[in-house]
Amino acid sequence: MHFHIMTLFPEMVMNGLNTSIIGRAADKGLLSIEAINIRDYAFNKHQSVDDYPYGGGAGMLMQAEPVYQAYKAIEERINYEHKGDGGGCEEYMPKKPRVVYLSPQGDVFHQKMAEELAQEEDLILLCGHYEGIDERVLEEIVTDYVSIGDYVLTGGELPAMVMMDAIARLVPKVLNNDSSAELESFQGNLLEYPQYTRPAEFFGKKVPEVLLSGHHKNIEKWRREQSLIRTLERRADLLEKAELSKEDKEFLKKVEIERKKTE
Ligand code: ADE
């Protein structure tokens, strides 16, 4: 997986990721991250990349040309590298890489989206600044508009880093424990069950007995039930999309009856 981040603040992205698990995965060659400075593609001697919006209004906009040129340079490089893989095959078709524009106007990022994007070989993340980017270049190059939540940040760098973190940890071998990426919160739209480690007692609170029993079937059943209870209590909206067995549904019905009794 190769991440290409188009940004006016390349150090912010690289410094933010270098010290993390994702940075270590990049050192091991499991993935690569490059930050492309859009300013390097400025086409005037002041290296400015912003200008006033036509029609007036507050703030400045990122201009179309430097963004487009930065994109073309990445696209060319990606295609050159793939051509190399193909052993000079004559029928080689240039690839149009996915380009994600981080914007509060996009689809809200979620785990399924991370899983889907993790299948891409190359992913370009375009970070806007100021009041945004000239619409014409977005129409030309962007394939996906993604928001990380309903709030407005000063730029797309933090959202791009959030996305990269969520996607990179799904790349095989990035996490040491292979199964942990699958078995956690949001798997099948259920939240993860509570976990405990030593000591067996803390502030007078004991670890649930079943977890000390060594009885794997009972532990599995308890964990499933805890996931269901937790999702019902904290994110009931997820239950509508969750894959629930007949036993799960019966268990949830029982929990709800109990809850009504104590209300
Ligand atoms: N840029 C500014 N705010 C954003 C958000 N919430 N998500 C993605 N990109 C953004």
# chains A, B, ... in the order shown; residues from 1 in each chain; ligands from 1
>>> residues_around(residues="A:Ile5", least_positions_apart="3", cutoff="9 Å", atoms="only C-alpha atoms", output="PyMOL selection string")
chain A and resi 10+13+33-37+123-127+157+160
>>> write_last_selection(atoms="C-alpha atoms", output="compact mmCIF listing (two decimals), in the first residue's frame")
# COMPACT_ATOMS: atom_id res chain seq x y z
CA PRO A 10 4.44 17.88 4.49
CA VAL A 13 2.13 14.63 8.12
CA ILE A 33 4.13 7.21 2.84
CA GLU A 34 5.18 10.23 0.82
CA ALA A 35 4.08 13.80 1.38
CA ILE A 36 4.02 15.95 -1.75
CA ASN A 37 4.36 19.68 -1.16
CA LEU A 123 -4.10 6.06 -2.45
CA ILE A 124 -3.79 9.81 -2.92
CA LEU A 125 -5.05 12.01 -0.07
CA LEU A 126 -5.59 15.66 -0.97
CA CYS A 127 -5.49 18.11 1.96
CA GLU A 157 -3.85 16.97 7.30
CA ALA A 160 -5.68 12.39 6.29
>>> closest_atom_pairs(of="chain A", to="ligand 1", cutoff="8 Å", atoms="only C-alpha atoms and all ligand atoms", output="CSV")
residue,atom,partner,partner_atom_place_in_ligand_line,distance
A:Tyr101,CA,ligand 1,9 (N),7.6
A:Leu102,CA,ligand 1,9 (N),3.9
A:Ser103,CA,ligand 1,9 (N),3.5
A:Pro104,CA,ligand 1,5 (C),4.1
A:Gln105,CA,ligand 1,7 (N),7.6
A:Gly106,CA,ligand 1,8 (C),7.2
A:Val108,CA,ligand 1,7 (N),7.8
A:Cys127,CA,ligand 1,1 (N),7.5
A:Gly128,CA,ligand 1,1 (N),6.8
A:His129,CA,ligand 1,1 (N),7.8
A:Val146,CA,ligand 1,8 (C),6.0
A:Ser147,CA,ligand 1,7 (N),3.5
A:Ile148,CA,ligand 1,7 (N),4.1
A:Gly149,CA,ligand 1,6 (N),4.7
A:Asp150,CA,ligand 1,6 (N),5.6
A:Tyr151,CA,ligand 1,6 (N),4.8
A:Val152,CA,ligand 1,3 (N),3.9
A:Leu153,CA,ligand 1,3 (N),3.8
A:Thr154,CA,ligand 1,2 (C),5.6
A:Gly155,CA,ligand 1,1 (N),4.8
A:Gly156,CA,ligand 1,1 (N),4.4
A:Glu157,CA,ligand 1,9 (N),7.8
A:Leu158,CA,ligand 1,9 (N),7.8
A:Pro159,CA,ligand 1,8 (C),5.1
A:Ala160,CA,ligand 1,9 (N),7.6
>>> select_by_dssp(residues="stretch 2-243 of chain A", states="alpha helix (DSSP H)", output="PyMOL selection string")
chain A and resi 10-18+21-27+64-85+111-117+135-141+157-168+216-234+236-239
>>> write_last_selection(atoms="C-alpha atoms", output="CSV table (one decimal), in the first residue's frame")
chain,number,residue,atom,x,y,z
A,10,PRO,CA,4.4,17.9,4.5
A,11,GLU,CA,6.4,17.9,7.8
A,12,MET,CA,3.2,17.9,9.8
A,13,VAL,CA,2.1,14.6,8.1
A,14,MET,CA,5.5,12.9,8.1
A,15,ASN,CA,6.4,13.9,11.7
A,16,GLY,CA,3.0,12.8,12.9
A,17,LEU,CA,3.3,9.4,11.4
A,18,ASN,CA,7.0,8.6,11.7
A,21,ILE,CA,3.2,2.0,14.5
A,22,ILE,CA,2.5,3.2,10.9
A,23,GLY,CA,6.0,4.7,10.7
A,24,ARG,CA,7.5,1.4,11.9
A,25,ALA,CA,5.5,-0.4,9.2
A,26,ALA,CA,6.9,2.0,6.6
A,27,ASP,CA,10.5,1.3,7.9
A,64,ALA,CA,-6.3,24.8,-9.4
A,65,GLU,CA,-3.0,24.7,-11.3
A,66,PRO,CA,-0.5,23.7,-8.6
A,67,VAL,CA,-2.9,21.1,-7.2
A,68,TYR,CA,-3.3,19.7,-10.7
A,69,GLN,CA,0.4,19.6,-11.5
A,70,ALA,CA,1.2,18.0,-8.1
A,71,TYR,CA,-1.4,15.3,-8.9
A,72,LYS,CA,-0.1,14.7,-12.5
A,73,ALA,CA,3.4,14.2,-11.1
A,74,ILE,CA,2.2,11.5,-8.7
A,75,GLU,CA,0.0,9.8,-11.3
A,76,GLU,CA,2.9,9.7,-13.7
A,77,ARG,CA,5.2,8.2,-11.1
A,78,ILE,CA,2.6,5.6,-10.1
A,79,ASN,CA,2.1,4.5,-13.7
A,80,TYR,CA,5.8,4.5,-14.4
A,81,GLU,CA,6.3,2.2,-11.4
A,82,HIS,CA,3.5,-0.2,-12.4
A,83,LYS,CA,4.7,-0.3,-16.0
A,84,GLY,CA,8.0,-1.5,-14.5
A,85,ASP,CA,6.1,-4.4,-12.7
A,111,GLN,CA,-14.6,1.1,9.3
A,112,LYS,CA,-16.1,-0.4,6.1
A,113,MET,CA,-14.7,2.5,4.1
A,114,ALA,CA,-11.3,1.8,5.7
A,115,GLU,CA,-11.5,-1.9,4.8
A,116,GLU,CA,-12.4,-1.0,1.2
A,117,LEU,CA,-9.7,1.6,0.7
A,135,GLU,CA,-13.8,23.5,-7.7
A,136,ARG,CA,-12.6,22.9,-11.3
A,137,VAL,CA,-9.5,20.9,-10.2
A,138,LEU,CA,-11.6,18.9,-7.7
A,139,GLU,CA,-13.9,17.9,-10.5
A,140,GLU,CA,-10.9,16.9,-12.6
A,141,ILE,CA,-9.0,14.7,-10.2
A,157,GLU,CA,-3.8,17.0,7.3
A,158,LEU,CA,-5.3,15.6,10.6
A,159,PRO,CA,-8.2,13.9,8.8
A,160,ALA,CA,-5.7,12.4,6.3
A,161,MET,CA,-3.6,11.1,9.2
A,162,VAL,CA,-6.7,9.6,10.9
A,163,MET,CA,-7.6,7.8,7.6
A,164,MET,CA,-4.1,6.6,7.1
A,165,ASP,CA,-3.9,5.2,10.6
A,166,ALA,CA,-7.2,3.3,10.2
A,167,ILE,CA,-6.3,2.0,6.8
A,168,ALA,CA,-2.7,1.1,7.4
A,216,HIS,CA,-13.3,-21.4,26.1
A,217,LYS,CA,-16.9,-21.9,25.1
A,218,ASN,CA,-18.2,-20.1,28.1
A,219,ILE,CA,-15.7,-17.2,27.7
A,220,GLU,CA,-16.7,-16.8,24.0
A,221,LYS,CA,-20.4,-16.8,25.0
A,222,TRP,CA,-19.8,-14.2,27.8
A,223,ARG,CA,-17.8,-12.0,25.4
A,224,ARG,CA,-20.5,-12.1,22.7
A,225,GLU,CA,-23.1,-11.1,25.3
A,226,GLN,CA,-21.0,-8.3,26.6
A,227,SER,CA,-20.5,-7.0,23.1
A,228,LEU,CA,-24.3,-7.0,22.6
A,229,ILE,CA,-24.9,-5.2,26.0
A,230,ARG,CA,-22.2,-2.6,25.3
A,231,THR,CA,-23.5,-1.9,21.8
A,232,LEU,CA,-27.1,-1.6,23.1
A,233,GLU,CA,-26.0,0.8,25.8
A,234,ARG,CA,-23.5,2.9,23.9
A,236,ALA,CA,-27.8,1.3,19.8
A,237,ASP,CA,-27.9,2.7,16.2
A,238,LEU,CA,-25.3,0.1,15.2
A,239,LEU,CA,-27.5,-2.8,16.1
>>> closest_residue(among="A:Gly132, A:Gly29, A:Pro172, A:Pro97", to="A:Val49", atoms="only C-alpha atoms")
A:Gly132
>>> select_by_dssp(residues="stretch 57-261 of chain A", states="strand (DSSP E)", output="PyMOL selection string")
chain A and resi 61-62+98-108+122-127+144-147+201-202+205-206
>>> closest_residue(among="A:Arg259, A:Arg198, A:Lys249, A:His4", to="A:Arg98", atoms="only C-alpha atoms")
A:His4
>>> decode(residues="stretch 215-248 of chain A", atoms="N, CA, C and O atoms", output="short mmCIF file (atom, residue, chain, number, x, y, z; two decimals), in the first residue's frame")
data_model
loop_
_atom_site.label_atom_id
_atom_site.label_comp_id
_atom_site.auth_asym_id
_atom_site.auth_seq_id
_atom_site.Cartn_x
_atom_site.Cartn_y
_atom_site.Cartn_z
N HIS A 215 -12.54 -22.03 30.49
CA HIS A 215 -13.58 -22.70 29.70
C HIS A 215 -13.88 -21.85 28.46
O HIS A 215 -14.64 -20.89 28.50
N HIS A 216 -13.26 -22.24 27.32
CA HIS A 216 -13.28 -21.36 26.14
C HIS A 216 -14.68 -21.07 25.59
O HIS A 216 -14.97 -19.96 25.17
N LYS A 217 -15.53 -22.08 25.62
CA LYS A 217 -16.89 -21.89 25.08
C LYS A 217 -17.65 -20.85 25.91
O LYS A 217 -18.32 -19.97 25.37
N ASN A 218 -17.53 -21.00 27.24
CA ASN A 218 -18.22 -20.05 28.12
C ASN A 218 -17.66 -18.63 27.98
O ASN A 218 -18.40 -17.65 28.03
N ILE A 219 -16.34 -18.57 27.80
CA ILE A 219 -15.70 -17.25 27.65
C ILE A 219 -16.21 -16.59 26.37
O ILE A 219 -16.59 -15.40 26.36
N GLU A 220 -16.26 -17.36 25.31
CA GLU A 220 -16.74 -16.84 24.02
C GLU A 220 -18.18 -16.33 24.14
O GLU A 220 -18.52 -15.25 23.66
N LYS A 221 -19.02 -17.12 24.82
CA LYS A 221 -20.44 -16.75 25.00
C LYS A 221 -20.53 -15.45 25.81
O LYS A 221 -21.27 -14.53 25.46
N TRP A 222 -19.76 -15.38 26.90
CA TRP A 222 -19.78 -14.19 27.77
C TRP A 222 -19.35 -12.96 26.97
O TRP A 222 -19.96 -11.90 27.06
N ARG A 223 -18.30 -13.12 26.17
CA ARG A 223 -17.80 -11.97 25.40
C ARG A 223 -18.83 -11.49 24.37
O ARG A 223 -19.02 -10.29 24.19
N ARG A 224 -19.47 -12.44 23.73
CA ARG A 224 -20.50 -12.08 22.75
C ARG A 224 -21.62 -11.29 23.45
O ARG A 224 -22.07 -10.25 22.97
N GLU A 225 -22.05 -11.79 24.60
CA GLU A 225 -23.13 -11.11 25.33
C GLU A 225 -22.71 -9.71 25.78
O GLU A 225 -23.49 -8.76 25.71
N GLN A 226 -21.45 -9.60 26.22
CA GLN A 226 -20.97 -8.28 26.65
C GLN A 226 -20.92 -7.31 25.47
O GLN A 226 -21.23 -6.12 25.61
N SER A 227 -20.53 -7.80 24.30
CA SER A 227 -20.51 -6.97 23.09
C SER A 227 -21.92 -6.46 22.79
O SER A 227 -22.12 -5.29 22.46
N LEU A 228 -22.89 -7.37 22.91
CA LEU A 228 -24.28 -6.99 22.62
C LEU A 228 -24.77 -5.95 23.62
O LEU A 228 -25.36 -4.93 23.24
N ILE A 229 -24.49 -6.17 24.91
CA ILE A 229 -24.94 -5.23 25.95
C ILE A 229 -24.30 -3.87 25.72
O ILE A 229 -24.95 -2.83 25.74
N ARG A 230 -22.99 -3.89 25.46
CA ARG A 230 -22.24 -2.65 25.28
C ARG A 230 -22.77 -1.86 24.07
O ARG A 230 -22.92 -0.64 24.12
N THR A 231 -23.03 -2.56 22.99
CA THR A 231 -23.53 -1.88 21.78
C THR A 231 -24.92 -1.31 22.06
O THR A 231 -25.21 -0.17 21.68
N LEU A 232 -25.75 -2.08 22.75
CA LEU A 232 -27.09 -1.60 23.10
C LEU A 232 -27.01 -0.34 23.95
O LEU A 232 -27.74 0.64 23.73
N GLU A 233 -26.09 -0.34 24.92
CA GLU A 233 -26.01 0.80 25.83
C GLU A 233 -25.34 2.03 25.22
O GLU A 233 -25.72 3.15 25.50
N ARG A 234 -24.30 1.79 24.38
CA ARG A 234 -23.50 2.93 23.92
C ARG A 234 -23.75 3.35 22.49
O ARG A 234 -23.54 4.50 22.14
N ARG A 235 -24.10 2.38 21.63
CA ARG A 235 -24.30 2.70 20.20
C ARG A 235 -25.45 1.87 19.64
O ARG A 235 -25.28 1.09 18.71
N ALA A 236 -26.65 2.08 20.21
CA ALA A 236 -27.80 1.27 19.79
C ALA A 236 -28.05 1.39 18.28
O ALA A 236 -28.58 0.47 17.66
N ASP A 237 -27.65 2.50 17.69
CA ASP A 237 -27.86 2.71 16.25
C ASP A 237 -27.15 1.63 15.42
O ASP A 237 -27.60 1.27 14.33
N LEU A 238 -26.04 1.08 15.96
CA LEU A 238 -25.29 0.06 15.20
C LEU A 238 -26.03 -1.27 15.11
O LEU A 238 -25.82 -2.04 14.18
N LEU A 239 -26.89 -1.53 16.09
CA LEU A 239 -27.55 -2.85 16.15
C LEU A 239 -28.41 -3.12 14.90
O LEU A 239 -28.55 -4.26 14.49
N GLU A 240 -28.92 -2.05 14.31
CA GLU A 240 -29.75 -2.23 13.11
C GLU A 240 -28.97 -2.85 11.97
O GLU A 240 -29.51 -3.58 11.16
N LYS A 241 -27.66 -2.56 11.91
CA LYS A 241 -26.82 -3.06 10.81
C LYS A 241 -26.04 -4.30 11.22
O LYS A 241 -25.36 -4.90 10.41
N ALA A 242 -26.10 -4.68 12.51
CA ALA A 242 -25.25 -5.77 13.00
C ALA A 242 -25.76 -7.13 12.51
O ALA A 242 -26.94 -7.31 12.26
N GLU A 243 -24.80 -8.06 12.37
CA GLU A 243 -25.17 -9.42 11.98
C GLU A 243 -25.51 -10.18 13.26
O GLU A 243 -24.60 -10.58 14.00
N LEU A 244 -26.81 -10.37 13.52
CA LEU A 244 -27.23 -10.99 14.78
C LEU A 244 -27.84 -12.36 14.55
O LEU A 244 -28.68 -12.54 13.66
N SER A 245 -27.44 -13.33 15.38
CA SER A 245 -28.02 -14.67 15.30
C SER A 245 -29.35 -14.67 16.06
O SER A 245 -29.66 -13.70 16.76
N LYS A 246 -30.07 -15.81 15.98
CA LYS A 246 -31.33 -15.92 16.73
C LYS A 246 -31.06 -15.79 18.23
O LYS A 246 -31.79 -15.12 18.96
N GLU A 247 -29.95 -16.43 18.69
CA GLU A 247 -29.59 -16.36 20.12
C GLU A 247 -29.29 -14.92 20.54
O GLU A 247 -29.70 -14.49 21.62
N ASP A 248 -28.57 -14.20 19.67
CA ASP A 248 -28.24 -12.79 19.97
C ASP A 248 -29.53 -11.99 20.19
O ASP A 248 -29.65 -11.22 21.14
#
